[in-house]
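Chemist: target-v3.cif (mmCIF, C-alpha atoms) pasted underneath:
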```cif
data_start
loop_
_atom_site.group_PDB
_atom_site.id
_atom_site.type_symbol
_atom_site.label_atom_id
_atom_site.label_comp_id
_atom_site.auth_asym_id
_atom_site.auth_seq_id
_atom_site.Cartn_x
_atom_site.Cartn_y
_atom_site.Cartn_z
ATOM 1 C CA MET A 1 131.054 99.297 106.562
ATOM 2 C CA VAL A 2 131.434 99.697 102.818
ATOM 3 C CA SER A 3 132.854 103.027 101.784
ATOM 4 C CA VAL A 4 130.553 105.030 99.542
ATOM 5 C CA LYS A 5 133.517 105.917 97.346
ATOM 6 C CA LYS A 6 134.665 102.321 96.965
ATOM 7 C CA HIS A 7 134.349 101.321 93.341
ATOM 8 C CA TYR A 8 134.077 97.780 92.057
ATOM 9 C CA ASP A 9 134.745 97.357 88.346
ATOM 10 C CA GLU A 10 132.610 94.219 88.143
ATOM 11 C CA ILE A 11 129.513 96.279 88.961
ATOM 12 C CA ASP A 12 130.136 98.361 85.825
ATOM 13 C CA ILE A 13 130.628 95.145 83.858
ATOM 14 C CA TYR A 14 127.439 93.711 85.355
ATOM 15 C CA LYS A 15 125.464 96.811 84.379
ATOM 16 C CA GLY A 16 127.012 96.648 80.921
ATOM 17 C CA ILE A 17 125.867 93.055 80.436
ATOM 18 C CA ALA A 18 122.388 93.942 81.719
ATOM 19 C CA MET A 19 122.134 96.902 79.335
ATOM 20 C CA LEU A 20 123.177 94.776 76.355
ATOM 21 C CA LEU A 21 120.473 92.275 77.297
ATOM 22 C CA ILE A 22 117.914 95.103 77.537
ATOM 23 C CA ILE A 23 118.925 96.410 74.116
ATOM 24 C CA LEU A 24 118.750 92.893 72.688
ATOM 25 C CA GLY A 25 115.294 92.448 74.193
ATOM 26 C CA HIS A 26 114.112 95.615 72.458
ATOM 27 C CA CYS A 27 115.465 94.408 69.098
ATOM 28 C CA PHE A 28 112.537 92.006 68.764
ATOM 29 C CA CYS A 29 109.588 93.489 66.927
ATOM 30 C CA SER A 30 106.449 92.472 65.063
ATOM 31 C CA HIS A 31 106.867 94.976 62.217
ATOM 32 C CA PRO A 32 108.493 95.214 59.709
ATOM 33 C CA VAL A 33 110.111 91.917 60.791
ATOM 34 C CA ASP A 34 107.794 89.644 62.766
ATOM 35 C CA PHE A 35 110.102 87.800 65.131
ATOM 36 C CA GLY A 36 107.064 86.180 66.743
ATOM 37 C CA GLU A 37 106.598 84.026 63.684
ATOM 38 C CA SER A 38 110.289 83.199 63.608
ATOM 39 C CA GLY A 39 110.388 81.319 66.913
ATOM 40 C CA PHE A 40 112.161 84.076 68.865
ATOM 41 C CA ILE A 41 109.398 84.734 71.411
ATOM 42 C CA GLY A 42 110.952 82.264 73.849
ATOM 43 C CA VAL A 43 114.339 83.994 73.565
ATOM 44 C CA GLN A 44 112.779 87.398 74.199
ATOM 45 C CA SER A 45 110.856 86.101 77.228
ATOM 46 C CA PHE A 46 114.028 84.502 78.573
ATOM 47 C CA ILE A 47 115.968 87.771 78.310
ATOM 48 C CA ALA A 48 113.136 89.778 79.849
ATOM 49 C CA SER A 49 112.911 87.419 82.821
ATOM 50 C CA PHE A 50 116.041 88.775 84.516
ATOM 51 C CA ASN A 51 117.698 91.682 82.638
ATOM 52 C CA LEU A 52 115.896 94.440 84.571
ATOM 53 C CA ASN A 53 116.250 92.466 87.803
ATOM 54 C CA MET A 54 120.015 92.685 87.279
ATOM 55 C CA PHE A 55 119.821 96.449 86.934
ATOM 56 C CA PHE A 56 117.742 96.950 90.053
ATOM 57 C CA ILE A 57 120.091 94.782 92.128
ATOM 58 C CA ALA A 58 123.107 96.774 90.908
ATOM 59 C CA SER A 59 121.268 100.057 91.568
ATOM 60 C CA GLY A 60 120.492 98.904 95.106
ATOM 61 C CA ILE A 61 124.132 98.058 95.812
ATOM 62 C CA LEU A 62 125.257 101.467 94.544
ATOM 63 C CA PHE A 63 122.555 103.417 96.384
ATOM 64 C CA SER A 64 123.414 105.441 99.485
ATOM 65 C CA VAL A 65 121.034 107.011 102.012
ATOM 66 C CA LYS A 66 123.718 109.238 103.563
ATOM 67 C CA ASP A 67 122.964 112.424 101.588
ATOM 68 C CA LYS A 68 120.653 114.976 103.158
ATOM 69 C CA TRP A 69 117.240 115.341 101.548
ATOM 70 C CA VAL A 70 117.827 118.549 99.567
ATOM 71 C CA PRO A 71 121.050 117.466 97.797
ATOM 72 C CA PHE A 72 119.635 113.953 97.430
ATOM 73 C CA LEU A 73 116.483 115.131 95.652
ATOM 74 C CA ARG A 74 118.389 117.644 93.536
ATOM 75 C CA LYS A 75 120.828 114.980 92.404
ATOM 76 C CA LYS A 76 118.158 112.377 91.633
ATOM 77 C CA VAL A 77 115.888 114.840 89.833
ATOM 78 C CA GLN A 78 118.791 115.891 87.608
ATOM 79 C CA ARG A 79 119.988 112.360 87.082
ATOM 80 C CA LEU A 80 116.660 110.537 86.641
ATOM 81 C CA LEU A 81 113.542 112.701 86.389
ATOM 82 C CA LEU A 82 114.920 115.359 84.033
ATOM 83 C CA PRO A 83 116.053 112.767 81.427
ATOM 84 C CA TRP A 84 112.816 110.826 82.009
ATOM 85 C CA PHE A 85 110.593 113.816 81.203
ATOM 86 C CA ALA A 86 112.800 115.198 78.408
ATOM 87 C CA PHE A 87 112.954 111.875 76.588
ATOM 88 C CA ILE A 88 109.222 111.322 77.024
ATOM 89 C CA LEU A 89 108.663 114.574 75.129
ATOM 90 C CA LEU A 90 111.251 113.715 72.490
ATOM 91 C CA SER A 91 109.907 110.176 72.039
ATOM 92 C CA LEU A 92 106.316 111.398 71.684
ATOM 93 C CA PHE A 93 107.376 114.052 69.197
ATOM 94 C CA LEU A 94 109.129 111.447 67.041
ATOM 95 C CA ARG A 95 106.177 109.060 67.330
ATOM 96 C CA TYR A 96 103.844 111.849 66.249
ATOM 97 C CA ILE A 97 106.012 112.771 63.243
ATOM 98 C CA PHE A 98 106.517 109.159 62.155
ATOM 99 C CA SER A 99 103.169 107.782 63.347
ATOM 100 C CA THR A 100 102.413 106.183 59.979
ATOM 101 C CA TYR A 101 105.395 103.857 60.471
ATOM 102 C CA THR A 102 104.513 102.722 63.994
ATOM 103 C CA HIS A 103 101.777 100.711 65.666
ATOM 104 C CA GLY A 104 101.587 103.162 68.568
ATOM 105 C CA HIS A 105 99.981 106.117 66.826
ATOM 106 C CA VAL A 106 100.079 109.455 68.651
ATOM 107 C CA ASP A 107 96.951 111.406 67.757
ATOM 108 C CA ASN A 108 96.927 113.779 70.723
ATOM 109 C CA VAL A 109 100.365 114.720 72.019
ATOM 110 C CA PHE A 110 99.108 116.387 75.210
ATOM 111 C CA ARG A 111 96.970 113.364 76.079
ATOM 112 C CA GLU A 112 99.949 111.062 75.551
ATOM 113 C CA ILE A 113 102.151 113.285 77.729
ATOM 114 C CA PHE A 114 99.571 113.080 80.512
ATOM 115 C CA LEU A 115 99.249 109.290 80.183
ATOM 116 C CA SER A 116 103.026 108.887 80.037
ATOM 117 C CA ILE A 117 103.470 110.793 83.290
ATOM 118 C CA LEU A 118 100.522 109.106 84.983
ATOM 119 C CA CYS A 119 101.356 105.565 83.903
ATOM 120 C CA GLY A 120 105.078 105.743 83.199
ATOM 121 C CA LYS A 121 104.355 104.701 79.650
ATOM 122 C CA TYR A 122 107.767 105.583 78.190
ATOM 123 C CA TYR A 123 111.083 105.282 80.045
ATOM 124 C CA TRP A 124 109.213 103.980 83.096
ATOM 125 C CA PHE A 125 112.421 102.500 84.508
ATOM 126 C CA LEU A 126 113.763 105.932 85.500
ATOM 127 C CA TYR A 127 110.575 106.993 87.245
ATOM 128 C CA ALA A 128 110.287 103.644 89.075
ATOM 129 C CA LEU A 129 113.922 103.809 90.166
ATOM 130 C CA PHE A 130 113.417 107.318 91.548
ATOM 131 C CA VAL A 131 110.404 106.173 93.585
ATOM 132 C CA MET A 132 112.326 103.179 94.937
ATOM 133 C CA MET A 133 115.206 105.386 96.023
ATOM 134 C CA VAL A 134 112.883 107.834 97.797
ATOM 135 C CA ILE A 135 111.077 105.019 99.626
ATOM 136 C CA THR A 136 114.378 103.431 100.648
ATOM 137 C CA LYS A 137 115.708 106.713 101.989
ATOM 138 C CA LEU A 138 112.476 107.301 103.911
ATOM 139 C CA ILE A 139 112.587 103.861 105.559
ATOM 140 C CA ARG A 140 116.372 103.434 105.853
ATOM 141 C CA ASN A 141 116.065 100.570 108.337
ATOM 142 C CA ARG A 142 117.349 97.395 106.704
ATOM 143 C CA TYR A 143 115.143 95.058 108.706
ATOM 144 C CA VAL A 144 112.006 96.980 107.759
ATOM 145 C CA LEU A 145 113.110 96.995 104.124
ATOM 146 C CA ALA A 146 113.725 93.244 104.222
ATOM 147 C CA ILE A 147 110.242 92.656 105.632
ATOM 148 C CA LEU A 148 108.765 94.989 103.001
ATOM 149 C CA GLY A 149 110.568 93.153 100.182
ATOM 150 C CA VAL A 150 109.403 89.742 101.381
ATOM 151 C CA GLY A 151 105.876 91.092 101.829
ATOM 152 C CA MET A 152 105.841 92.357 98.242
ATOM 153 C CA LEU A 153 107.018 88.984 96.932
ATOM 154 C CA VAL A 154 104.341 87.150 98.906
ATOM 155 C CA PHE A 155 101.704 89.655 97.805
ATOM 156 C CA GLN A 156 102.606 89.160 94.146
ATOM 157 C CA SER A 157 102.593 85.375 94.509
ATOM 158 C CA ILE A 158 99.077 85.443 95.969
ATOM 159 C CA ILE A 159 97.408 87.870 93.569
ATOM 160 C CA ILE A 160 99.302 87.147 90.356
ATOM 161 C CA ASP A 161 96.608 84.967 88.789
ATOM 162 C CA PHE A 162 93.590 87.180 89.333
ATOM 163 C CA ALA A 163 94.577 90.725 90.272
ATOM 164 C CA PRO A 164 94.267 93.617 87.796
ATOM 165 C CA ASN A 165 97.401 95.257 86.477
ATOM 166 C CA PRO A 166 97.568 98.713 88.145
ATOM 167 C CA ASN A 167 99.574 100.841 85.729
ATOM 168 C CA VAL A 168 98.906 104.113 87.540
ATOM 169 C CA LEU A 169 102.239 105.634 88.567
ATOM 170 C CA CYS A 170 104.001 102.385 87.573
ATOM 171 C CA ALA A 171 102.538 100.731 90.672
ATOM 172 C CA SER A 172 102.666 97.161 89.342
ATOM 173 C CA ARG A 173 106.235 97.511 88.094
ATOM 174 C CA ILE A 174 107.426 99.120 91.311
ATOM 175 C CA VAL A 175 105.855 96.335 93.380
ATOM 176 C CA HIS A 176 107.423 93.720 91.098
ATOM 177 C CA TYR A 177 110.953 95.129 90.938
ATOM 178 C CA TYR A 178 111.380 96.917 94.276
ATOM 179 C CA PRO A 179 112.275 93.655 96.115
ATOM 180 C CA TRP A 180 115.226 93.291 93.722
ATOM 181 C CA PHE A 181 116.394 96.815 94.519
ATOM 182 C CA ILE A 182 116.064 95.965 98.227
ATOM 183 C CA ILE A 183 118.165 92.823 97.708
ATOM 184 C CA GLY A 184 120.950 94.951 96.243
ATOM 185 C CA PHE A 185 120.687 97.528 99.022
ATOM 186 C CA LEU A 186 120.842 94.830 101.728
ATOM 187 C CA LEU A 187 123.886 93.243 100.068
ATOM 188 C CA LYS A 188 125.796 96.528 100.065
ATOM 189 C CA ASN A 189 127.513 96.125 103.437
ATOM 190 C CA ILE A 190 128.448 92.477 102.963
ATOM 191 C CA TYR A 191 129.510 92.759 99.335
ATOM 192 C CA PRO A 192 133.292 92.804 100.046
ATOM 193 C CA THR A 193 132.927 89.397 101.728
ATOM 194 C CA MET A 194 130.671 88.101 98.948
ATOM 195 C CA ARG A 195 133.147 89.304 96.363
ATOM 196 C CA GLU A 196 135.769 86.861 97.590
ATOM 197 C CA GLN A 197 133.343 83.982 97.015
ATOM 198 C CA MET A 198 132.669 85.208 93.487
ATOM 199 C CA CYS A 199 136.150 84.095 92.478
ATOM 200 C CA ASP A 200 135.261 80.470 93.253
ATOM 201 C CA ARG A 201 134.831 78.729 89.896
ATOM 202 C CA GLN A 202 133.067 75.744 91.442
ATOM 203 C CA SER A 203 130.306 77.950 92.894
ATOM 204 C CA CYS A 204 130.033 79.747 89.571
ATOM 205 C CA LEU A 205 129.505 76.483 87.695
ATOM 206 C CA ILE A 206 126.883 75.359 90.231
ATOM 207 C CA PHE A 207 124.781 78.500 89.772
ATOM 208 C CA ILE A 208 125.125 78.375 85.989
ATOM 209 C CA PHE A 209 124.084 74.696 86.014
ATOM 210 C CA LEU A 210 121.022 75.425 88.177
ATOM 211 C CA PHE A 211 120.081 78.372 85.975
ATOM 212 C CA VAL A 212 120.344 76.330 82.753
ATOM 213 C CA LEU A 213 118.477 73.431 84.387
ATOM 214 C CA LEU A 214 115.535 75.656 85.385
ATOM 215 C CA LEU A 215 115.554 77.201 81.943
ATOM 216 C CA ALA A 216 115.276 73.750 80.372
ATOM 217 C CA ILE A 217 112.353 72.679 82.588
ATOM 218 C CA ASN A 218 110.656 76.070 82.997
ATOM 219 C CA THR A 219 107.336 74.715 81.672
ATOM 220 C CA LEU A 220 107.275 72.029 84.382
ATOM 221 C CA VAL A 221 107.891 74.185 87.459
ATOM 222 C CA PRO A 222 105.433 76.445 89.341
ATOM 223 C CA LEU A 223 105.018 80.005 88.097
ATOM 224 C CA TRP A 224 106.652 81.503 91.190
ATOM 225 C CA VAL A 225 109.849 79.580 90.394
ATOM 226 C CA ASN A 226 110.025 81.214 86.962
ATOM 227 C CA LEU A 227 109.176 84.615 88.432
ATOM 228 C CA TYR A 228 111.634 84.638 91.309
ATOM 229 C CA ILE A 229 114.026 81.690 91.542
ATOM 230 C CA MET A 230 115.145 81.573 87.902
ATOM 231 C CA PRO A 231 115.740 85.367 87.694
ATOM 232 C CA LEU A 232 117.693 85.196 90.962
ATOM 233 C CA LEU A 233 119.896 82.384 89.662
ATOM 234 C CA GLY A 234 120.331 84.296 86.391
ATOM 235 C CA CYS A 235 121.403 87.445 88.253
ATOM 236 C CA ILE A 236 123.910 85.451 90.330
ATOM 237 C CA ALA A 237 125.283 83.585 87.309
ATOM 238 C CA PHE A 238 125.873 86.817 85.384
ATOM 239 C CA TRP A 239 127.487 88.376 88.443
ATOM 240 C CA TYR A 240 129.972 85.517 88.493
ATOM 241 C CA LEU A 241 130.546 86.141 84.783
ATOM 242 C CA SER A 242 131.193 89.835 85.497
ATOM 243 C CA VAL A 243 133.882 88.943 88.044
ATOM 244 C CA ALA A 244 135.444 86.509 85.564
ATOM 245 C CA LEU A 245 135.575 89.221 82.884
ATOM 246 C CA LEU A 246 137.830 91.312 85.134
ATOM 247 C CA ASN A 247 140.674 89.123 83.881
ATOM 248 C CA ILE A 248 139.933 89.730 80.185
ATOM 249 C CA ASN A 249 141.107 93.288 79.650
ATOM 250 C CA ASP A 250 139.519 94.092 76.265
ATOM 251 C CA LEU A 251 136.082 92.782 77.211
ATOM 252 C CA ARG A 252 136.406 94.425 80.608
ATOM 253 C CA LYS A 253 136.846 97.829 78.968
ATOM 254 C CA VAL A 254 133.891 97.356 76.612
ATOM 255 C CA PHE A 255 131.432 96.161 79.245
ATOM 256 C CA SER A 256 132.658 98.714 81.797
ATOM 257 C CA PHE A 257 132.095 101.572 79.347
ATOM 258 C CA ILE A 258 128.567 100.408 78.575
ATOM 259 C CA GLY A 259 127.916 99.961 82.290
ATOM 260 C CA ARG A 260 129.178 103.427 83.245
ATOM 261 C CA TYR A 261 126.936 105.008 80.620
ATOM 262 C CA SER A 262 124.066 102.538 80.972
ATOM 263 C CA LEU A 263 121.590 105.381 81.604
ATOM 264 C CA GLN A 264 122.510 107.033 78.322
ATOM 265 C CA TYR A 265 122.398 103.742 76.424
ATOM 266 C CA TYR A 266 118.927 103.167 77.847
ATOM 267 C CA LEU A 267 117.757 106.635 76.816
ATOM 268 C CA ASN A 268 119.318 106.609 73.364
ATOM 269 C CA HIS A 269 118.596 103.148 72.054
ATOM 270 C CA LEU A 270 114.825 103.453 72.543
ATOM 271 C CA LEU A 271 114.784 106.506 70.278
ATOM 272 C CA ILE A 272 116.493 104.821 67.354
ATOM 273 C CA MET A 273 114.927 101.345 67.299
ATOM 274 C CA LEU A 274 112.228 102.152 64.722
ATOM 275 C CA PRO A 275 114.589 103.089 61.852
ATOM 276 C CA LEU A 276 116.859 100.190 62.808
ATOM 277 C CA TYR A 277 113.934 97.766 62.451
ATOM 278 C CA TYR A 278 113.441 98.946 58.874
ATOM 279 C CA VAL A 279 117.158 98.778 58.056
ATOM 280 C CA GLY A 280 117.341 95.230 59.405
ATOM 281 C CA ALA A 281 114.255 94.201 57.438
ATOM 282 C CA LEU A 282 115.584 95.824 54.274
ATOM 283 C CA VAL A 283 119.060 94.284 54.410
ATOM 284 C CA PHE A 284 118.060 90.800 55.630
ATOM 285 C CA SER A 285 114.423 90.457 54.629
ATOM 286 C CA SER A 286 114.665 86.669 54.317
ATOM 287 C CA SER A 287 116.662 85.980 57.482
ATOM 288 C CA PRO A 288 115.153 87.124 60.812
ATOM 289 C CA LEU A 289 118.256 85.949 62.705
ATOM 290 C CA LEU A 290 120.592 88.103 60.611
ATOM 291 C CA ALA A 291 118.140 91.006 60.803
ATOM 292 C CA LEU A 292 118.076 90.705 64.601
ATOM 293 C CA THR A 293 121.871 90.602 64.760
ATOM 294 C CA LEU A 294 122.198 93.666 62.544
ATOM 295 C CA ILE A 295 119.609 95.622 64.553
ATOM 296 C CA PHE A 296 121.412 94.754 67.796
ATOM 297 C CA ILE A 297 124.862 95.763 66.527
ATOM 298 C CA MET A 298 123.580 98.998 65.000
ATOM 299 C CA ALA A 299 121.718 99.897 68.217
ATOM 300 C CA ILE A 300 124.959 99.610 70.194
ATOM 301 C CA ILE A 301 127.067 101.509 67.654
ATOM 302 C CA VAL A 302 124.589 104.362 67.079
ATOM 303 C CA SER A 303 123.902 104.723 70.821
ATOM 304 C CA SER A 304 127.664 104.895 71.472
ATOM 305 C CA ILE A 305 128.106 107.619 68.862
ATOM 306 C CA MET A 306 125.213 109.552 70.383
ATOM 307 C CA ILE A 307 126.845 109.323 73.827
ATOM 308 C CA ILE A 308 130.149 110.694 72.508
ATOM 309 C CA ILE A 309 128.304 113.645 70.942
ATOM 310 C CA GLU A 310 126.001 114.264 73.922
ATOM 311 C CA ARG A 311 128.887 114.441 76.383
ATOM 312 C CA LYS A 312 130.390 117.371 74.478
ATOM 313 C CA MET A 313 127.194 119.469 74.328
ATOM 314 C CA PRO A 314 126.810 121.657 77.475
ATOM 315 C CA TYR A 315 123.010 121.643 77.823
ATOM 316 C CA VAL A 316 122.265 118.356 76.126
ATOM 317 C CA ASN A 317 124.561 116.471 78.513
ATOM 318 C CA LYS A 318 122.475 117.640 81.493
ATOM 319 C CA VAL A 319 119.249 116.528 79.841
ATOM 320 C CA CYS A 320 120.879 113.150 79.145
ATOM 321 C CA GLY A 321 121.822 112.614 82.779
ATOM 322 C CA PHE A 322 125.540 113.394 82.615
ATOM 323 C CA VAL A 323 125.788 114.793 86.140
#
```
Kindly return the structure encoded in the file as structure tokens.

Modeler:
Amino acid sequence: MVSVKKHYDEIDIYKGIAMLLIILGHCFCSHPVDFGESGFIGVQSFIASFNLNMFFIASGILFSVKDKWVPFLRKKVQRLLLPWFAFILLSLFLRYIFSTYTHGHVDNVFREIFLSILCGKYYWFLYALFVMMVITKLIRNRYVLAILGVGMLVFQSIIIDFAPNPNVLCASRIVHYYPWFIIGFLLKNIYPTMREQMCDRQSCLIFIFLFVLLLAINTLVPLWVNLYIMPLLGCIAFWYLSVALLNINDLRKVFSFIGRYSLQYYLNHLLIMLPLYYVGALVFSSSPLLALTLIFIMAIIVSSIMIIIERKMPYVNKVCGFV
């Protein structure tokens, strides 16, 4: 049985890599720099195909059902739902103030608040993760969860071409990503054994080769391969990379820090992307690649500074999920 208190540094590194990929994915925009016309759409789609899957797997591995319901709900509300709701309000306020500079105009704040809560419009990841954790704690049984995860994958494969996209309460996103959370949760008890295999360079190279191969021929394979097999290989390949980075001390510290505060990086970077888009466009108006690089670097630096400040503010740190 894996001890709840057992800590694996590579999980922090893994979360750090996933968060950097999420930030990079959000650096692409259509205004004031149109990366769609610059040939970056494929890169953005590639990043989006597995970055959140990585996070849900890591969250599943770290999740424990041992807490009683009252402390469990109190902890998760403080950690997930409080930041989710607070940053929805803050994001909508900023979008309302600077609506002339955005495509997503906010004409009625109260209507947007209602839609955000109903559909998980902003910061949906936190709400979806909370729901997944509650469902997992309710079920608990690993065999039932495994059957549920497989059933969701089969259901998506069948309806993907013709079913509507049910955004109410993040239903479509929960159905899509919950199997990945279940995968992480089911791997929890066997992870110490798996970890030994992660040090095998030959296995690492095999998974990386398969991942790159599928990436190269993604237009020739069935849709379900791109939806499930390629993300799975990507998640495994980056997990091998995380284990390898344990031996590179400087990079280990950087990725571990980002991983430990991945929630705060997620909350912060979404607030600051709009001004960063304009800075990138202003400084490198003729080079989308340099603009993208600048936006990415600034998003990491500014988010890091915000985290340092937030940690020192007694009430702000609770709203930002420092619990």

Chemist: Go through A:Thr100, A:Tyr228, A:Lys66, A:Ala86 and flag the residue nearest A:Met152, using all atoms listed in the file for the distances.

Modeler: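 Closest to A:Met152 of all the choices is A:Tyr228.
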
Chemist: Of the candidates A:Ala281, A:Phe296, A:Ser287, A:Phe322, which one gets nearest to A:Val33 if we count all atoms listed in the file?

Modeler: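 Ranking A:Ala281, A:Phe296, A:Ser287, A:Phe322 by distance to A:Val33, first place goes to A:Ala281.
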
Chemist: Rounded to one decimal place, report the atom CA of A:Val243-atom CA of A:Met298 distance in Å.

Modeler: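 Going from atom CA of A:Val243 over to atom CA of A:Met298, I get 27.2 Å.
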
Chemist: Restricting the calculation to all atoms listed in the file: of A:Ile158, A:Leu263, A:Ile272, A:Val283, which residue gets closest to A:Ala18?

Modeler: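 With all atoms listed in the file as the atom set, the closest residue is A:Leu263.
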
Chemist: Of the candidates A:Ser45, A:Asn51, A:Gln264, A:Ser157, which shows the shortest atom-to-atom distance to A:Ile22, using all atoms listed in the file?

Modeler: A:Asn51

Chemist: Using only C-alpha atoms, which protein or nucleic acid residues come within 12 Å of A:Ile174? Drop anything in the same chain fewer than 4 positions from it, and give the result as a PyMOL selection string.

Modeler: chain A and resi 52-53+56+119-120+124-133+135+149+152-153+156+165-170+178-182
